[in-house]
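Chemist: Contents of protein07.cif (mmCIF, N, CA and C atoms) are given next:
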```
data_my_file
loop_
_atom_site.label_atom_id
_atom_site.label_comp_id
_atom_site.auth_asym_id
_atom_site.auth_seq_id
_atom_site.Cartn_x
_atom_site.Cartn_y
_atom_site.Cartn_z
N PHE A 1 0.83 -1.18 0.00
CA PHE A 1 0.00 0.00 0.00
C PHE A 1 0.87 1.24 0.00
N ASN A 2 0.46 2.23 -0.72
CA ASN A 2 1.07 3.55 -0.66
C ASN A 2 -0.08 4.53 -0.86
N VAL A 3 -0.84 4.77 0.21
CA VAL A 3 -2.07 5.53 0.15
C VAL A 3 -1.84 6.91 0.75
N ASP A 4 -2.14 7.95 0.00
CA ASP A 4 -1.99 9.31 0.51
C ASP A 4 -3.07 9.63 1.54
N GLN A 5 -2.80 10.60 2.37
CA GLN A 5 -3.72 11.02 3.41
C GLN A 5 -5.03 11.51 2.78
N ASN A 6 -6.15 11.13 3.38
CA ASN A 6 -7.50 11.54 2.99
C ASN A 6 -7.90 11.09 1.59
N LEU A 7 -7.28 10.06 1.04
CA LEU A 7 -7.60 9.61 -0.30
C LEU A 7 -9.05 9.16 -0.41
N PHE A 8 -9.57 8.49 0.62
CA PHE A 8 -10.92 7.93 0.56
C PHE A 8 -11.98 8.86 1.15
N MET A 9 -11.58 10.02 1.60
CA MET A 9 -12.52 10.88 2.31
C MET A 9 -13.43 11.63 1.32
N ASP A 10 -14.73 11.57 1.59
CA ASP A 10 -15.71 12.38 0.89
C ASP A 10 -16.91 12.55 1.82
N ASP A 11 -17.98 13.17 1.35
CA ASP A 11 -19.13 13.46 2.22
C ASP A 11 -19.81 12.20 2.76
N GLY A 12 -19.72 11.08 2.04
CA GLY A 12 -20.40 9.86 2.47
C GLY A 12 -19.52 8.89 3.22
N TYR A 13 -18.30 9.28 3.55
CA TYR A 13 -17.34 8.37 4.20
C TYR A 13 -17.71 8.11 5.65
N THR A 14 -17.63 6.87 6.07
CA THR A 14 -17.77 6.51 7.48
C THR A 14 -16.61 5.61 7.86
N ALA A 15 -16.44 5.36 9.15
CA ALA A 15 -15.36 4.51 9.63
C ALA A 15 -15.52 3.07 9.18
N PHE A 16 -16.70 2.69 8.74
CA PHE A 16 -16.94 1.30 8.34
C PHE A 16 -16.68 1.06 6.85
N ASP A 17 -16.29 2.08 6.09
CA ASP A 17 -16.09 1.92 4.65
C ASP A 17 -14.86 1.07 4.32
N ASP A 18 -13.80 1.20 5.03
CA ASP A 18 -12.59 0.42 4.79
C ASP A 18 -11.73 0.44 6.05
N TYR A 19 -10.63 -0.28 6.00
CA TYR A 19 -9.76 -0.40 7.16
C TYR A 19 -8.55 0.51 7.08
N VAL A 20 -8.44 1.31 6.04
CA VAL A 20 -7.29 2.17 5.86
C VAL A 20 -7.50 3.47 6.64
N THR A 21 -6.54 3.84 7.45
CA THR A 21 -6.63 5.06 8.24
C THR A 21 -6.65 6.28 7.33
N ASN A 22 -7.32 7.34 7.76
CA ASN A 22 -7.36 8.56 6.94
C ASN A 22 -6.06 9.35 7.04
N ASP A 23 -5.08 8.87 7.81
CA ASP A 23 -3.76 9.50 7.89
C ASP A 23 -2.83 9.01 6.79
N GLY A 24 -3.33 8.18 5.88
CA GLY A 24 -2.49 7.60 4.83
C GLY A 24 -1.84 6.32 5.34
N LEU A 25 -1.30 5.54 4.44
CA LEU A 25 -0.74 4.25 4.82
C LEU A 25 0.38 3.88 3.86
N LEU A 26 1.49 3.41 4.41
CA LEU A 26 2.61 2.94 3.61
C LEU A 26 3.08 1.62 4.20
N GLY A 27 3.02 0.55 3.42
CA GLY A 27 3.41 -0.77 3.91
C GLY A 27 2.80 -1.85 3.04
N PHE A 28 2.54 -3.01 3.62
CA PHE A 28 1.92 -4.08 2.86
C PHE A 28 0.94 -4.84 3.73
N GLY A 29 0.09 -5.61 3.07
CA GLY A 29 -0.92 -6.40 3.76
C GLY A 29 -1.08 -7.75 3.11
N LEU A 30 -1.72 -8.64 3.85
CA LEU A 30 -1.97 -10.00 3.38
C LEU A 30 -3.41 -10.34 3.69
N VAL A 31 -4.12 -10.89 2.71
CA VAL A 31 -5.51 -11.29 2.90
C VAL A 31 -5.63 -12.76 2.49
N LEU A 32 -6.14 -13.58 3.40
CA LEU A 32 -6.41 -14.99 3.12
C LEU A 32 -7.92 -15.19 3.19
N ASP A 33 -8.50 -15.74 2.12
CA ASP A 33 -9.94 -15.99 2.07
C ASP A 33 -10.19 -17.48 1.96
N TYR A 34 -11.24 -17.94 2.66
CA TYR A 34 -11.67 -19.33 2.56
C TYR A 34 -13.18 -19.34 2.39
N MET A 35 -13.63 -19.91 1.29
CA MET A 35 -15.06 -20.00 1.03
C MET A 35 -15.62 -21.17 1.85
N THR A 36 -16.41 -20.87 2.87
CA THR A 36 -16.97 -21.92 3.73
C THR A 36 -18.20 -22.56 3.10
N SER A 37 -18.84 -21.86 2.16
CA SER A 37 -19.95 -22.41 1.36
C SER A 37 -20.07 -21.55 0.11
N ASP A 38 -21.12 -21.79 -0.68
CA ASP A 38 -21.32 -20.99 -1.89
C ASP A 38 -21.64 -19.54 -1.58
N HIS A 39 -22.12 -19.25 -0.37
CA HIS A 39 -22.58 -17.90 -0.04
C HIS A 39 -21.87 -17.28 1.17
N THR A 40 -20.89 -17.96 1.74
CA THR A 40 -20.19 -17.43 2.91
C THR A 40 -18.68 -17.52 2.73
N LYS A 41 -17.98 -16.58 3.35
CA LYS A 41 -16.53 -16.51 3.22
C LYS A 41 -15.92 -16.09 4.56
N LEU A 42 -14.84 -16.73 4.93
CA LEU A 42 -14.06 -16.39 6.11
C LEU A 42 -12.76 -15.74 5.63
N SER A 43 -12.43 -14.56 6.15
CA SER A 43 -11.24 -13.83 5.71
C SER A 43 -10.36 -13.48 6.90
N LEU A 44 -9.07 -13.54 6.69
CA LEU A 44 -8.08 -13.09 7.66
C LEU A 44 -7.24 -12.03 6.97
N GLU A 45 -7.19 -10.80 7.54
CA GLU A 45 -6.43 -9.71 6.96
C GLU A 45 -5.39 -9.24 7.97
N ARG A 46 -4.16 -9.03 7.50
CA ARG A 46 -3.08 -8.57 8.36
C ARG A 46 -2.33 -7.48 7.62
N TYR A 47 -2.06 -6.34 8.31
CA TYR A 47 -1.35 -5.21 7.72
C TYR A 47 -0.08 -4.92 8.53
N TRP A 48 1.03 -4.72 7.82
CA TRP A 48 2.30 -4.29 8.40
C TRP A 48 2.64 -2.97 7.73
N ALA A 49 2.44 -1.88 8.41
CA ALA A 49 2.60 -0.59 7.76
C ALA A 49 2.80 0.51 8.80
N HIS A 50 2.85 1.73 8.32
CA HIS A 50 2.84 2.90 9.19
C HIS A 50 2.02 3.98 8.51
N THR A 51 1.51 4.90 9.30
CA THR A 51 0.72 5.98 8.74
C THR A 51 1.62 6.92 7.96
N LYS A 52 1.04 7.66 7.03
CA LYS A 52 1.80 8.52 6.14
C LYS A 52 1.13 9.90 6.09
N PRO A 53 1.19 10.64 7.20
CA PRO A 53 0.53 11.95 7.20
C PRO A 53 1.25 12.94 6.28
N VAL A 54 0.50 13.85 5.72
CA VAL A 54 1.03 14.87 4.83
C VAL A 54 1.60 16.01 5.67
N ALA A 55 2.79 16.46 5.33
CA ALA A 55 3.40 17.59 6.05
C ALA A 55 2.49 18.80 5.96
N GLY A 56 2.32 19.49 7.05
CA GLY A 56 1.48 20.67 7.08
C GLY A 56 0.08 20.41 7.62
N ASN A 57 -0.39 19.16 7.60
CA ASN A 57 -1.67 18.85 8.21
C ASN A 57 -1.48 18.75 9.71
N VAL A 58 -2.37 19.36 10.46
CA VAL A 58 -2.20 19.46 11.90
C VAL A 58 -3.42 18.91 12.63
N ASP A 59 -3.22 18.57 13.91
CA ASP A 59 -4.33 18.13 14.74
C ASP A 59 -5.04 19.35 15.33
N ARG A 60 -5.96 19.12 16.24
CA ARG A 60 -6.75 20.22 16.82
C ARG A 60 -5.92 21.21 17.61
N ASP A 61 -4.76 20.76 18.12
CA ASP A 61 -3.90 21.63 18.91
C ASP A 61 -2.86 22.36 18.06
N GLY A 62 -2.85 22.12 16.74
CA GLY A 62 -1.90 22.78 15.86
C GLY A 62 -0.59 22.02 15.67
N ASN A 63 -0.49 20.81 16.20
CA ASN A 63 0.73 20.00 16.05
C ASN A 63 0.64 19.18 14.76
N GLU A 64 1.78 19.05 14.06
CA GLU A 64 1.78 18.20 12.88
C GLU A 64 1.55 16.75 13.28
N LEU A 65 0.83 16.02 12.43
CA LEU A 65 0.53 14.62 12.72
C LEU A 65 1.79 13.77 12.57
N PRO A 66 2.12 12.96 13.57
CA PRO A 66 3.34 12.14 13.49
C PRO A 66 3.09 10.85 12.71
N GLU A 67 4.16 10.28 12.19
CA GLU A 67 4.08 8.94 11.61
C GLU A 67 3.96 7.94 12.75
N SER A 68 3.08 6.96 12.62
CA SER A 68 2.91 5.98 13.69
C SER A 68 2.72 4.59 13.08
N PRO A 69 3.06 3.54 13.84
CA PRO A 69 2.91 2.18 13.32
C PRO A 69 1.44 1.83 13.11
N TYR A 70 1.19 0.97 12.15
CA TYR A 70 -0.16 0.52 11.83
C TYR A 70 -0.11 -0.99 11.58
N TYR A 71 -0.13 -1.76 12.66
CA TYR A 71 -0.08 -3.22 12.58
C TYR A 71 -1.42 -3.72 13.07
N THR A 72 -2.24 -4.23 12.16
CA THR A 72 -3.58 -4.65 12.53
C THR A 72 -3.91 -6.00 11.94
N THR A 73 -4.83 -6.70 12.61
CA THR A 73 -5.33 -7.99 12.14
C THR A 73 -6.85 -7.97 12.23
N TYR A 74 -7.50 -8.44 11.18
CA TYR A 74 -8.96 -8.51 11.14
C TYR A 74 -9.38 -9.92 10.75
N VAL A 75 -10.42 -10.41 11.38
CA VAL A 75 -11.08 -11.65 10.98
C VAL A 75 -12.50 -11.28 10.60
N LYS A 76 -12.91 -11.66 9.39
CA LYS A 76 -14.24 -11.33 8.90
C LYS A 76 -14.95 -12.59 8.43
N PHE A 77 -16.24 -12.64 8.69
CA PHE A 77 -17.09 -13.68 8.16
C PHE A 77 -18.21 -12.98 7.41
N THR A 78 -18.30 -13.17 6.11
CA THR A 78 -19.30 -12.48 5.31
C THR A 78 -20.21 -13.48 4.61
N SER A 79 -21.41 -13.04 4.35
CA SER A 79 -22.36 -13.86 3.59
C SER A 79 -23.13 -12.97 2.64
N LYS A 80 -23.60 -13.56 1.55
CA LYS A 80 -24.43 -12.81 0.62
C LYS A 80 -25.74 -13.58 0.44
N PHE A 81 -26.77 -12.81 0.27
CA PHE A 81 -28.12 -13.39 0.19
C PHE A 81 -28.64 -13.28 -1.21
#
```
Please lay out the structure from this file as structure tokens.
Modeler:
Amino acid sequence: FNVDQNLFMDDGYTAFDDYVTNDGLLGFGLVLDYMTSDHTKLSLERYWAHTKPVAGNVDRDGNELPESPYYTTYVKFTSKF
């Protein structure tokens, strides 16, 4: 991944739209999917990355946003009807 800050942000964006932080992301991820039936899937997602804030963007106190680690794991079970 090499995602710039606020790439996915628009008026309809919510925290549930994707797993990428709005501070940007630089690193890589791995997704393993297993189809448990014709209509269900089990997924394991793992990210090894760090945030990639844009210079000049600041928090509420006026401090520039720091680069921080972004190591996350997600387990998802999805079905379609």
Chemist: For region 38-50 of chain A, list every protein, DNA or RNA residue within 6 Å, evaluated using only N, CA and C atoms, and leave out those in the same chain fewer than 6 positions away; present the list as a list in words.
Modeler: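 The residues satisfying every condition are Gly24, Leu25, Leu26, Gly27, Phe28, Gly29, Leu30, Val31, Leu32, Ser68, Pro69, Tyr70, Tyr71, Thr72, Thr73, Tyr74, Val75, Lys76, Phe77, Thr78, Ser79 and Lys80 of chain A.
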Chemist: Output as a PyMOL selection string all residues of region 22-68 of chain A that backbone DSSP marks as strand (DSSP E or B).
Modeler: chain A and resi 25-35+40-50+58+64
Chemist: If you measure from CA of Gly62 (chain A) to atom C of Val3 (chain A), what distance in Å do you get, rounded to one decimal?
Modeler: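 Interatomic distance here is 21.9 Å.
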Chemist: Using atom N of Thr51 (chain A) and atom N of Asn63 (chain A) as the two end points, give the distance in Å to one decimal.
Modeler: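 About the pair atom N of Thr51 (chain A) and atom N of Asn63 (chain A): they are 17.5 Å apart.
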Chemist: Would you compute the distance between atom N of Glu67 (chain A) and atom N of Asp23 (chain A)? Give it in Å to one decimal.
Modeler: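 If I compute the distance from atom N of Glu67 (chain A) to atom N of Asp23 (chain A), I get 10.3 Å.
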